[in-house]
Structure formats: structure tokens, C-alpha cells
file entry_4.cif (mmCIF, N, CA and C atoms)
data_model
loop_
_atom_site.label_atom_id
_atom_site.label_comp_id
_atom_site.auth_asym_id
_atom_site.auth_seq_id
_atom_site.Cartn_x
_atom_site.Cartn_y
_atom_site.Cartn_z
N MET G 27 -22.74 -70.67 3.83
CA MET G 27 -23.15 -69.28 3.79
C MET G 27 -22.10 -68.44 4.52
N TRP G 28 -21.75 -67.31 3.91
CA TRP G 28 -20.77 -66.42 4.51
C TRP G 28 -21.43 -65.56 5.57
N GLN G 29 -20.73 -65.40 6.65
CA GLN G 29 -21.24 -64.54 7.71
C GLN G 29 -20.26 -63.38 7.88
N VAL G 30 -20.81 -62.20 7.86
CA VAL G 30 -19.99 -61.01 8.01
C VAL G 30 -20.30 -60.39 9.36
N ILE G 31 -19.27 -60.15 10.12
CA ILE G 31 -19.44 -59.50 11.41
C ILE G 31 -18.90 -58.09 11.27
N LEU G 32 -19.76 -57.14 11.47
CA LEU G 32 -19.37 -55.75 11.36
C LEU G 32 -19.15 -55.17 12.74
N LYS G 33 -18.06 -54.51 12.90
CA LYS G 33 -17.78 -53.82 14.14
C LYS G 33 -18.22 -52.38 13.98
N TYR G 34 -19.02 -51.91 14.91
CA TYR G 34 -19.49 -50.53 14.83
C TYR G 34 -18.38 -49.59 15.25
N THR G 35 -18.09 -48.66 14.39
CA THR G 35 -17.17 -47.58 14.74
C THR G 35 -17.84 -46.28 14.33
N PRO G 36 -17.98 -45.37 15.27
CA PRO G 36 -18.64 -44.11 14.91
C PRO G 36 -17.84 -43.37 13.84
N MET G 37 -18.55 -42.74 12.94
CA MET G 37 -17.89 -41.98 11.87
C MET G 37 -17.25 -40.73 12.45
N LYS G 38 -16.07 -40.44 11.93
CA LYS G 38 -15.43 -39.18 12.28
C LYS G 38 -16.14 -38.07 11.53
N PRO G 39 -16.17 -36.89 12.11
CA PRO G 39 -16.68 -35.75 11.33
C PRO G 39 -15.82 -35.61 10.06
N PHE G 40 -16.44 -35.21 8.98
CA PHE G 40 -15.74 -35.18 7.69
C PHE G 40 -14.52 -34.27 7.71
N HIS G 41 -14.54 -33.20 8.50
CA HIS G 41 -13.38 -32.31 8.54
C HIS G 41 -12.18 -32.94 9.26
N LYS G 42 -12.35 -34.15 9.81
CA LYS G 42 -11.24 -34.88 10.43
C LYS G 42 -10.75 -36.01 9.53
N ILE G 43 -11.17 -36.01 8.29
CA ILE G 43 -10.79 -37.06 7.33
C ILE G 43 -9.27 -37.13 7.15
N TRP G 44 -8.60 -36.03 7.40
CA TRP G 44 -7.15 -35.99 7.24
C TRP G 44 -6.45 -37.03 8.10
N ILE G 45 -7.03 -37.41 9.22
CA ILE G 45 -6.41 -38.40 10.10
C ILE G 45 -6.30 -39.74 9.37
N ASP G 46 -7.40 -40.17 8.78
CA ASP G 46 -7.39 -41.43 8.02
C ASP G 46 -6.50 -41.32 6.78
N GLN G 47 -6.48 -40.16 6.16
CA GLN G 47 -5.66 -39.97 4.97
C GLN G 47 -4.17 -40.05 5.32
N CYS G 48 -3.79 -39.53 6.47
CA CYS G 48 -2.39 -39.63 6.90
C CYS G 48 -2.01 -41.08 7.19
N GLU G 49 -2.92 -41.83 7.81
CA GLU G 49 -2.66 -43.25 8.05
C GLU G 49 -2.52 -43.99 6.74
N ALA G 50 -3.38 -43.68 5.79
CA ALA G 50 -3.30 -44.33 4.47
C ALA G 50 -1.97 -43.99 3.80
N ALA G 51 -1.53 -42.76 3.92
CA ALA G 51 -0.27 -42.35 3.29
C ALA G 51 0.91 -43.13 3.86
N GLN G 52 0.87 -43.44 5.13
CA GLN G 52 1.95 -44.23 5.72
C GLN G 52 2.00 -45.63 5.12
N GLY G 53 0.82 -46.22 4.89
CA GLY G 53 0.77 -47.51 4.22
C GLY G 53 1.25 -47.43 2.79
N ILE G 54 0.87 -46.38 2.09
CA ILE G 54 1.33 -46.18 0.70
C ILE G 54 2.84 -46.01 0.68
N LYS G 55 3.37 -45.27 1.63
CA LYS G 55 4.81 -45.04 1.72
C LYS G 55 5.55 -46.37 1.88
N GLU G 56 5.03 -47.23 2.74
CA GLU G 56 5.67 -48.53 2.98
C GLU G 56 5.57 -49.45 1.76
N ARG G 57 4.42 -49.44 1.07
CA ARG G 57 4.20 -50.37 -0.03
C ARG G 57 4.70 -49.87 -1.37
N TYR G 58 4.53 -48.56 -1.63
CA TYR G 58 4.79 -48.05 -2.97
C TYR G 58 5.86 -46.98 -3.03
N GLY G 59 6.32 -46.52 -1.90
CA GLY G 59 7.39 -45.54 -1.88
C GLY G 59 6.95 -44.14 -1.53
N ILE G 60 7.93 -43.33 -1.27
CA ILE G 60 7.71 -41.96 -0.79
C ILE G 60 6.99 -41.11 -1.83
N GLN G 61 7.39 -41.19 -3.09
CA GLN G 61 6.79 -40.32 -4.11
C GLN G 61 5.30 -40.58 -4.27
N LYS G 62 4.88 -41.85 -4.26
CA LYS G 62 3.45 -42.16 -4.37
C LYS G 62 2.71 -41.65 -3.14
N ALA G 63 3.31 -41.81 -1.97
CA ALA G 63 2.66 -41.35 -0.74
C ALA G 63 2.55 -39.83 -0.71
N LEU G 64 3.58 -39.13 -1.15
CA LEU G 64 3.53 -37.67 -1.21
C LEU G 64 2.51 -37.20 -2.23
N GLY G 65 2.46 -37.86 -3.37
CA GLY G 65 1.47 -37.50 -4.38
C GLY G 65 0.06 -37.67 -3.86
N TYR G 66 -0.17 -38.75 -3.14
CA TYR G 66 -1.49 -39.00 -2.56
C TYR G 66 -1.83 -37.96 -1.49
N LEU G 67 -0.92 -37.81 -0.53
CA LEU G 67 -1.26 -36.99 0.63
C LEU G 67 -1.20 -35.49 0.35
N ILE G 68 -0.16 -35.05 -0.33
CA ILE G 68 -0.01 -33.61 -0.58
C ILE G 68 -0.68 -33.23 -1.90
N GLY G 69 -0.34 -33.94 -2.96
CA GLY G 69 -0.83 -33.57 -4.29
C GLY G 69 -2.30 -33.78 -4.51
N GLU G 70 -2.90 -34.62 -3.68
CA GLU G 70 -4.34 -34.85 -3.82
C GLU G 70 -5.09 -34.42 -2.56
N LYS G 71 -4.84 -35.07 -1.46
CA LYS G 71 -5.66 -34.87 -0.25
C LYS G 71 -5.46 -33.49 0.38
N LEU G 72 -4.22 -33.03 0.52
CA LEU G 72 -3.99 -31.71 1.11
C LEU G 72 -4.56 -30.62 0.21
N VAL G 73 -4.36 -30.75 -1.07
CA VAL G 73 -4.90 -29.75 -2.01
C VAL G 73 -6.42 -29.66 -1.86
N ASN G 74 -7.09 -30.81 -1.82
CA ASN G 74 -8.54 -30.81 -1.64
C ASN G 74 -8.94 -30.21 -0.29
N PHE G 75 -8.15 -30.52 0.73
CA PHE G 75 -8.46 -30.04 2.08
C PHE G 75 -8.32 -28.51 2.15
N ILE G 76 -7.30 -27.98 1.52
CA ILE G 76 -7.10 -26.52 1.49
C ILE G 76 -8.29 -25.85 0.81
N GLU G 77 -8.73 -26.42 -0.29
CA GLU G 77 -9.90 -25.86 -0.98
C GLU G 77 -11.14 -25.91 -0.10
N ALA G 78 -11.30 -26.99 0.65
CA ALA G 78 -12.44 -27.09 1.57
C ALA G 78 -12.29 -26.09 2.72
N ALA G 79 -11.06 -25.89 3.18
CA ALA G 79 -10.80 -24.95 4.28
C ALA G 79 -11.13 -23.52 3.87
N ASP G 80 -11.02 -23.22 2.60
CA ASP G 80 -11.37 -21.88 2.12
C ASP G 80 -12.88 -21.63 2.22
N GLN G 81 -13.65 -22.69 2.28
CA GLN G 81 -15.11 -22.58 2.30
C GLN G 81 -15.74 -22.90 3.65
N ASP G 82 -15.03 -23.66 4.49
CA ASP G 82 -15.64 -24.21 5.71
C ASP G 82 -14.71 -23.99 6.91
N PRO G 83 -15.17 -23.26 7.93
CA PRO G 83 -14.33 -22.99 9.09
C PRO G 83 -13.88 -24.25 9.84
N ALA G 84 -14.67 -25.31 9.81
CA ALA G 84 -14.28 -26.56 10.48
C ALA G 84 -13.03 -27.14 9.83
N PHE G 85 -12.96 -27.09 8.49
CA PHE G 85 -11.77 -27.55 7.79
C PHE G 85 -10.60 -26.61 8.05
N ALA G 86 -10.86 -25.32 8.06
CA ALA G 86 -9.80 -24.34 8.31
C ALA G 86 -9.17 -24.55 9.68
N GLU G 87 -9.98 -24.91 10.64
CA GLU G 87 -9.48 -25.16 12.00
C GLU G 87 -8.58 -26.40 12.05
N GLU G 88 -8.87 -27.37 11.22
CA GLU G 88 -8.09 -28.62 11.19
C GLU G 88 -6.82 -28.53 10.35
N LEU G 89 -6.75 -27.55 9.47
CA LEU G 89 -5.63 -27.46 8.53
C LEU G 89 -4.26 -27.45 9.21
N PRO G 90 -4.04 -26.66 10.27
CA PRO G 90 -2.71 -26.70 10.91
C PRO G 90 -2.35 -28.08 11.48
N LYS G 91 -3.33 -28.82 11.94
CA LYS G 91 -3.07 -30.17 12.47
C LYS G 91 -2.69 -31.11 11.33
N PHE G 92 -3.36 -30.97 10.21
CA PHE G 92 -3.05 -31.78 9.03
C PHE G 92 -1.62 -31.48 8.56
N ILE G 93 -1.28 -30.22 8.49
CA ILE G 93 0.08 -29.81 8.08
C ILE G 93 1.11 -30.41 9.03
N ALA G 94 0.85 -30.31 10.33
CA ALA G 94 1.79 -30.84 11.33
C ALA G 94 1.99 -32.35 11.16
N GLU G 95 0.93 -33.07 10.87
CA GLU G 95 1.03 -34.52 10.70
C GLU G 95 1.81 -34.87 9.44
N ILE G 96 1.62 -34.11 8.37
CA ILE G 96 2.41 -34.34 7.16
C ILE G 96 3.90 -34.17 7.47
N LYS G 97 4.22 -33.15 8.24
CA LYS G 97 5.62 -32.90 8.62
C LYS G 97 6.16 -34.01 9.52
N ALA G 98 5.28 -34.68 10.27
CA ALA G 98 5.71 -35.79 11.11
C ALA G 98 5.95 -37.06 10.30
N ILE G 99 5.23 -37.22 9.21
CA ILE G 99 5.34 -38.43 8.38
C ILE G 99 6.54 -38.36 7.44
N PHE G 100 6.80 -37.18 6.88
CA PHE G 100 7.85 -37.02 5.88
C PHE G 100 8.93 -36.06 6.36
N GLN G 101 10.12 -36.31 5.89
CA GLN G 101 11.25 -35.42 6.17
C GLN G 101 11.09 -34.15 5.34
N PRO G 102 11.59 -33.01 5.84
CA PRO G 102 11.47 -31.77 5.07
C PRO G 102 12.06 -31.88 3.66
N TRP G 103 13.19 -32.57 3.51
CA TRP G 103 13.80 -32.69 2.19
C TRP G 103 12.94 -33.52 1.24
N GLU G 104 12.21 -34.51 1.78
CA GLU G 104 11.32 -35.31 0.94
C GLU G 104 10.18 -34.45 0.41
N ILE G 105 9.61 -33.65 1.29
CA ILE G 105 8.51 -32.75 0.89
C ILE G 105 9.02 -31.74 -0.13
N LYS G 106 10.19 -31.16 0.15
CA LYS G 106 10.75 -30.16 -0.76
C LYS G 106 11.01 -30.74 -2.15
N GLU G 107 11.62 -31.92 -2.20
CA GLU G 107 11.88 -32.56 -3.50
C GLU G 107 10.59 -32.83 -4.25
N TYR G 108 9.58 -33.30 -3.54
CA TYR G 108 8.30 -33.57 -4.19
C TYR G 108 7.72 -32.28 -4.76
N LEU G 109 7.66 -31.24 -3.95
CA LEU G 109 7.04 -29.99 -4.39
C LEU G 109 7.81 -29.31 -5.53
N GLU G 110 9.11 -29.54 -5.59
CA GLU G 110 9.90 -28.96 -6.67
C GLU G 110 9.76 -29.75 -7.97
N SER G 111 9.30 -30.99 -7.87
CA SER G 111 9.22 -31.82 -9.08
C SER G 111 7.79 -32.17 -9.50
N VAL G 112 6.80 -31.77 -8.72
CA VAL G 112 5.42 -32.15 -9.02
C VAL G 112 4.99 -31.59 -10.37
N GLU G 113 4.43 -32.45 -11.20
CA GLU G 113 3.96 -32.02 -12.52
C GLU G 113 2.44 -31.97 -12.60
N ARG G 114 1.78 -32.82 -11.81
CA ARG G 114 0.32 -32.89 -11.84
C ARG G 114 -0.20 -33.05 -10.43
N LEU G 115 -1.37 -32.47 -10.18
CA LEU G 115 -2.04 -32.63 -8.90
C LEU G 115 -3.23 -33.56 -9.08
N GLY G 116 -3.80 -33.97 -8.00
CA GLY G 116 -4.97 -34.84 -8.04
C GLY G 116 -4.57 -36.29 -8.19
N ALA G 117 -5.57 -37.13 -8.31
CA ALA G 117 -5.32 -38.57 -8.38
C ALA G 117 -4.43 -38.94 -9.57
N LEU G 118 -4.63 -38.30 -10.71
CA LEU G 118 -3.81 -38.63 -11.88
C LEU G 118 -2.34 -38.28 -11.67
N GLY G 119 -2.07 -37.40 -10.73
CA GLY G 119 -0.70 -37.01 -10.46
C GLY G 119 0.11 -38.10 -9.81
N HIS G 120 -0.54 -38.98 -9.06
CA HIS G 120 0.23 -40.03 -8.39
C HIS G 120 -0.16 -41.44 -8.83
N VAL G 121 -1.24 -41.57 -9.57
CA VAL G 121 -1.67 -42.89 -10.02
C VAL G 121 -1.07 -43.22 -11.38
N CYS G 122 -1.07 -42.26 -12.28
CA CYS G 122 -0.58 -42.48 -13.65
C CYS G 122 0.92 -42.22 -13.76
N THR G 123 1.56 -43.04 -14.58
CA THR G 123 2.92 -42.71 -14.99
C THR G 123 2.83 -41.58 -16.01
N ASP G 124 3.94 -40.97 -16.33
CA ASP G 124 3.94 -39.93 -17.36
C ASP G 124 3.42 -40.47 -18.68
N GLU G 125 3.82 -41.69 -19.01
CA GLU G 125 3.38 -42.31 -20.27
C GLU G 125 1.87 -42.55 -20.26
N GLN G 126 1.33 -43.06 -19.17
CA GLN G 126 -0.11 -43.29 -19.08
C GLN G 126 -0.89 -41.97 -19.18
N TYR G 127 -0.38 -40.97 -18.50
CA TYR G 127 -1.04 -39.66 -18.54
C TYR G 127 -1.05 -39.13 -19.97
N GLU G 128 0.08 -39.23 -20.64
CA GLU G 128 0.17 -38.73 -22.02
C GLU G 128 -0.77 -39.50 -22.94
N THR G 129 -0.89 -40.80 -22.73
CA THR G 129 -1.82 -41.60 -23.53
C THR G 129 -3.25 -41.11 -23.32
N LEU G 130 -3.63 -40.89 -22.06
CA LEU G 130 -4.97 -40.38 -21.77
C LEU G 130 -5.18 -39.00 -22.37
N HIS G 131 -4.16 -38.15 -22.25
CA HIS G 131 -4.26 -36.79 -22.77
C HIS G 131 -4.38 -36.79 -24.29
N SER G 132 -3.52 -37.56 -24.95
CA SER G 132 -3.53 -37.56 -26.43
C SER G 132 -4.80 -38.20 -27.00
N SER G 133 -5.45 -39.06 -26.22
CA SER G 133 -6.69 -39.67 -26.68
C SER G 133 -7.91 -38.78 -26.42
N GLY G 134 -7.69 -37.67 -25.73
CA GLY G 134 -8.79 -36.75 -25.45
C GLY G 134 -9.49 -37.01 -24.13
N ALA G 135 -9.05 -38.02 -23.40
CA ALA G 135 -9.69 -38.34 -22.11
C ALA G 135 -9.38 -37.26 -21.07
N ILE G 136 -8.25 -36.59 -21.24
CA ILE G 136 -7.88 -35.48 -20.37
C ILE G 136 -7.69 -34.26 -21.27
N PRO G 137 -8.62 -33.31 -21.20
CA PRO G 137 -8.52 -32.16 -22.10
C PRO G 137 -7.45 -31.16 -21.64
N ASP G 138 -7.01 -30.33 -22.58
CA ASP G 138 -6.13 -29.22 -22.22
C ASP G 138 -6.89 -28.28 -21.30
N ASP G 139 -6.24 -27.79 -20.27
CA ASP G 139 -6.90 -26.91 -19.30
C ASP G 139 -5.89 -25.90 -18.76
N PRO G 140 -5.58 -24.86 -19.53
CA PRO G 140 -4.58 -23.89 -19.09
C PRO G 140 -4.98 -23.16 -17.80
N VAL G 141 -6.27 -22.93 -17.60
CA VAL G 141 -6.71 -22.27 -16.37
C VAL G 141 -6.48 -23.19 -15.19
N GLY G 142 -6.83 -24.45 -15.34
CA GLY G 142 -6.59 -25.43 -14.27
C GLY G 142 -5.11 -25.58 -13.97
N GLU G 143 -4.28 -25.55 -15.00
CA GLU G 143 -2.84 -25.65 -14.80
C GLU G 143 -2.31 -24.44 -14.03
N ALA G 144 -2.82 -23.25 -14.34
CA ALA G 144 -2.42 -22.04 -13.60
C ALA G 144 -2.88 -22.13 -12.14
N GLU G 145 -4.09 -22.63 -11.92
CA GLU G 145 -4.59 -22.80 -10.56
C GLU G 145 -3.72 -23.80 -9.79
N ASP G 146 -3.25 -24.85 -10.46
CA ASP G 146 -2.38 -25.83 -9.81
C ASP G 146 -1.06 -25.18 -9.38
N ILE G 147 -0.51 -24.31 -10.21
CA ILE G 147 0.74 -23.63 -9.86
C ILE G 147 0.52 -22.77 -8.61
N ILE G 148 -0.59 -22.08 -8.57
CA ILE G 148 -0.90 -21.22 -7.41
C ILE G 148 -1.08 -22.07 -6.15
N ILE G 149 -1.78 -23.18 -6.25
CA ILE G 149 -2.02 -24.00 -5.06
C ILE G 149 -0.72 -24.65 -4.58
N VAL G 150 0.16 -25.04 -5.50
CA VAL G 150 1.45 -25.62 -5.09
C VAL G 150 2.26 -24.58 -4.33
N GLU G 151 2.23 -23.34 -4.78
CA GLU G 151 2.95 -22.29 -4.05
C GLU G 151 2.34 -22.08 -2.66
N ARG G 152 1.05 -22.17 -2.58
CA ARG G 152 0.38 -22.04 -1.28
C ARG G 152 0.75 -23.21 -0.36
N VAL G 153 0.79 -24.41 -0.91
CA VAL G 153 1.19 -25.59 -0.13
C VAL G 153 2.62 -25.41 0.39
N LYS G 154 3.51 -24.91 -0.46
CA LYS G 154 4.89 -24.67 -0.03
C LYS G 154 4.93 -23.72 1.16
N ARG G 155 4.15 -22.64 1.08
CA ARG G 155 4.14 -21.69 2.19
C ARG G 155 3.62 -22.34 3.47
N LEU G 156 2.58 -23.15 3.36
CA LEU G 156 2.02 -23.79 4.54
C LEU G 156 2.97 -24.81 5.16
N LEU G 157 3.68 -25.54 4.32
CA LEU G 157 4.57 -26.59 4.82
C LEU G 157 5.93 -26.08 5.27
N PHE G 158 6.31 -24.90 4.82
CA PHE G 158 7.66 -24.41 5.15
C PHE G 158 7.66 -23.06 5.86
N LYS G 159 6.57 -22.71 6.52
CA LYS G 159 6.60 -21.43 7.25
C LYS G 159 7.11 -21.62 8.63
#
call {"tool": "encode", "arguments": {"input": "entry_4.cif", "output": "C-alpha cells"}}
result
Amino acid sequence: MWQVILKYTPMKPFHKIWIDQCEAAQGIKERYGIQKALGYLIGEKLVNFIEAADQDPAFAEELPKFIAEIKAIFQPWEIKEYLESVERLGALGHVCTDEQYETLHSSGAIPDDPVGEAEDIIIVERVKRLLFK
């Protein structure tokens, strides 16, 4: 019989999730490379965090700390290159290759969304301002 020993660790408040996400990004960077880590941390997690910060003061208060940690993990040129070349945000932006994304899109699994694409352009510009001010 398998025995599982669980170590109790108190949960962090959800608005501090960025700490674990930054740690995860460092592991992704080591295992899969800078682009995958940037896609995960900036293209998915930071974008989601910014949207949460617009609605919740606890997230807004944590946003500058999250930004500072991203700057500590990645070099400015790495962030700049990523933001200048990003084509998709969210999980599909860093999980799928271009070919996989196109296959999903052409099969109808990912619908055309011009409004969402415009919103992505706006959020990328906002991310640039936050990371390079």
C-alpha cells in the first residue's frame, strides 16, 4: 500500500500567485528556453494579472513587485525581443507551435476573434509601458 505524506504549507493569498509563477518561469527557462518562459510569464500570467489588477486593489498593489521580479529574471533585451515578436497571448501563445495553432484555427477549434486580437495589441502595449518605464 502506498503511503503519502503531505506537508502542510499555508496557502498564499491569491494576489501573491505571481511569486509561484515567477519560480515556475525560472524552471521553464532552464528546461525549455527563454522564449517559452517569457510566453508563460509575460504572455499569459502577467497579462492575466494586469486584468485582475484592473478589478482588484490587492492585485494592483502587487503588480509593481511582479514587474520587478520579471525584470530580475530576464534581461531587458530578452523582454524587448519577446514583446516585439509576440504573435499570440495566453497559453496557446507559448504552448503551441505556429503549425499547431494554425491546425487548431483551420479546424475551427480556435475561432476568428478580431476584437480579441485588438485587445491583445492594446495589452501588449500596456505591458511594454509597465516593463520599460
call {"tool": "atom_distance", "arguments": {"input": "entry_4.cif", "atom1": "atom N of Gly116 (chain G)", "atom2": "atom C of Leu67 (chain G)"}}
result
8.9 Å
call {"tool": "select_by_dssp", "arguments": {"input": "entry_4.cif", "residues": "chain G", "states": "helix (DSSP H, G or I)", "output": "PyMOL selection string"}}
result
chain G and resi 40-58+60-79+83-99+102-111+117-121+124-132+140-157
call {"tool": "atom_distance", "arguments": {"input": "entry_4.cif", "atom1": "CA of Glu107 (chain G)", "atom2": "CA of Ile68 (chain G)"}}
result
12.3 Å
call {"tool": "atom_distance", "arguments": {"input": "entry_4.cif", "atom1": "CA of Leu109 (chain G)", "atom2": "CA of Lys154 (chain G)"}}
result
7.2 Å
call {"tool": "residues_around", "arguments": {"input": "entry_4.cif", "residues": "Leu64 (chain G)", "least_positions_apart": "4", "cutoff": "7 Å", "atoms": "only N, CA and C atoms", "output": "number ranges by chain"}}
result
G: 51, 55, 59-60, 68-70, 108
call {"tool": "write_last_selection", "arguments": {"input": "entry_4.cif", "atoms": "N, CA and C atoms", "output": "mmCIF file, in the frame of the given file"}}
result
data_model
loop_
_atom_site.group_PDB
_atom_site.id
_atom_site.type_symbol
_atom_site.label_atom_id
_atom_site.label_comp_id
_atom_site.auth_asym_id
_atom_site.auth_seq_id
_atom_site.Cartn_x
_atom_site.Cartn_y
_atom_site.Cartn_z
ATOM 1 N N ALA G 51 -1.530 -42.760 3.920
ATOM 2 C CA ALA G 51 -0.270 -42.350 3.290
ATOM 3 C C ALA G 51 0.910 -43.130 3.860
ATOM 4 N N LYS G 55 3.370 -45.270 1.630
ATOM 5 C CA LYS G 55 4.810 -45.040 1.720
ATOM 6 C C LYS G 55 5.550 -46.370 1.880
ATOM 7 N N GLY G 59 6.320 -46.520 -1.900
ATOM 8 C CA GLY G 59 7.390 -45.540 -1.880
ATOM 9 C C GLY G 59 6.950 -44.140 -1.530
ATOM 10 N N ILE G 60 7.930 -43.330 -1.270
ATOM 11 C CA ILE G 60 7.710 -41.960 -0.790
ATOM 12 C C ILE G 60 6.990 -41.110 -1.830
ATOM 13 N N ILE G 68 -0.160 -35.050 -0.330
ATOM 14 C CA ILE G 68 -0.010 -33.610 -0.580
ATOM 15 C C ILE G 68 -0.680 -33.230 -1.900
ATOM 16 N N GLY G 69 -0.340 -33.940 -2.960
ATOM 17 C CA GLY G 69 -0.830 -33.570 -4.290
ATOM 18 C C GLY G 69 -2.300 -33.780 -4.510
ATOM 19 N N GLU G 70 -2.900 -34.620 -3.680
ATOM 20 C CA GLU G 70 -4.340 -34.850 -3.820
ATOM 21 C C GLU G 70 -5.090 -34.420 -2.560
ATOM 22 N N TYR G 108 9.580 -33.300 -3.540
ATOM 23 C CA TYR G 108 8.300 -33.570 -4.190
ATOM 24 C C TYR G 108 7.720 -32.280 -4.760
#
call {"tool": "closest_atom_pairs", "arguments": {"input": "entry_4.cif", "of": "region 54-119 of chain G", "to": "region 130-150 of chain G", "cutoff": "8 Å", "atoms": "only N, CA and C atoms", "output": "Markdown table"}}
result
| residue | atom | partner | partner_atom | distance |
| --- | --- | --- | --- | --- |
| G:Val73 | CA | G:Ile149 | C | 7.1 |
| G:Leu109 | CA | G:Val150 | CA | 7.1 |
| G:Arg114 | C | G:Asp146 | CA | 7.6 |
| G:Leu115 | N | G:Asp146 | CA | 6.7 |
call {"tool": "axis_aligned_box", "arguments": {"input": "entry_4.cif", "around": "region 135-151 of chain G", "padding_each_side": "8 Å", "output": "lines of an AutoDock Vina configuration file"}}
result
center_x = -3.4
center_y = -29.8
center_z = -13.0
size_x = 28.6
size_y = 33.1
size_z = 36.7
call {"tool": "closest_residue", "arguments": {"input": "entry_4.cif", "among": "G:Ile99, G:Cys48, G:Ile54, G:Ile93", "to": "Ile76 (chain G)", "atoms": "only C-alpha atoms"}}
result
G:Ile93
call {"tool": "closest_residue", "arguments": {"input": "entry_4.cif", "among": "G:Trp44, G:Tyr58, G:Tyr127, G:Tyr66", "to": "Phe92 (chain G)", "atoms": "all atoms listed in the file"}}
result
G:Trp44
call {"tool": "residues_around", "arguments": {"input": "entry_4.cif", "residues": "Phe158 (chain G)", "least_positions_apart": "3", "cutoff": "12 Å", "atoms": "only C-alpha atoms", "output": "NGL selection string"}}
result
:G and (93-94 or 96-97 or 101-103 or 105-106 or 109 or 151-155)
call {"tool": "residues_around", "arguments": {"input": "entry_4.cif", "residues": "Ala84 (chain G)", "least_positions_apart": "5", "cutoff": "10 Å", "atoms": "only C-alpha atoms", "output": "list in words"}}
result
Pro39, Phe40, His41, Lys42, Ala78, Ala79 and Leu89 of chain G
call {"tool": "write_last_selection", "arguments": {"input": "entry_4.cif", "atoms": "N, CA and C atoms", "output": "compact mmCIF listing (two decimals), keeping the file's coordinate frame"}}
result
# COMPACT_ATOMS: atom_id res chain seq x y z
N PRO G 39 -16.17 -36.89 12.11
CA PRO G 39 -16.68 -35.75 11.33
C PRO G 39 -15.82 -35.61 10.06
N PHE G 40 -16.44 -35.21 8.98
CA PHE G 40 -15.74 -35.18 7.69
C PHE G 40 -14.52 -34.27 7.71
N HIS G 41 -14.54 -33.20 8.50
CA HIS G 41 -13.38 -32.31 8.54
C HIS G 41 -12.18 -32.94 9.26
N LYS G 42 -12.35 -34.15 9.81
CA LYS G 42 -11.24 -34.88 10.43
C LYS G 42 -10.75 -36.01 9.53
N ALA G 78 -11.30 -26.99 0.65
CA ALA G 78 -12.44 -27.09 1.57
C ALA G 78 -12.29 -26.09 2.72
N ALA G 79 -11.06 -25.89 3.18
CA ALA G 79 -10.80 -24.95 4.28
C ALA G 79 -11.13 -23.52 3.87
N LEU G 89 -6.75 -27.55 9.47
CA LEU G 89 -5.63 -27.46 8.53
C LEU G 89 -4.26 -27.45 9.21
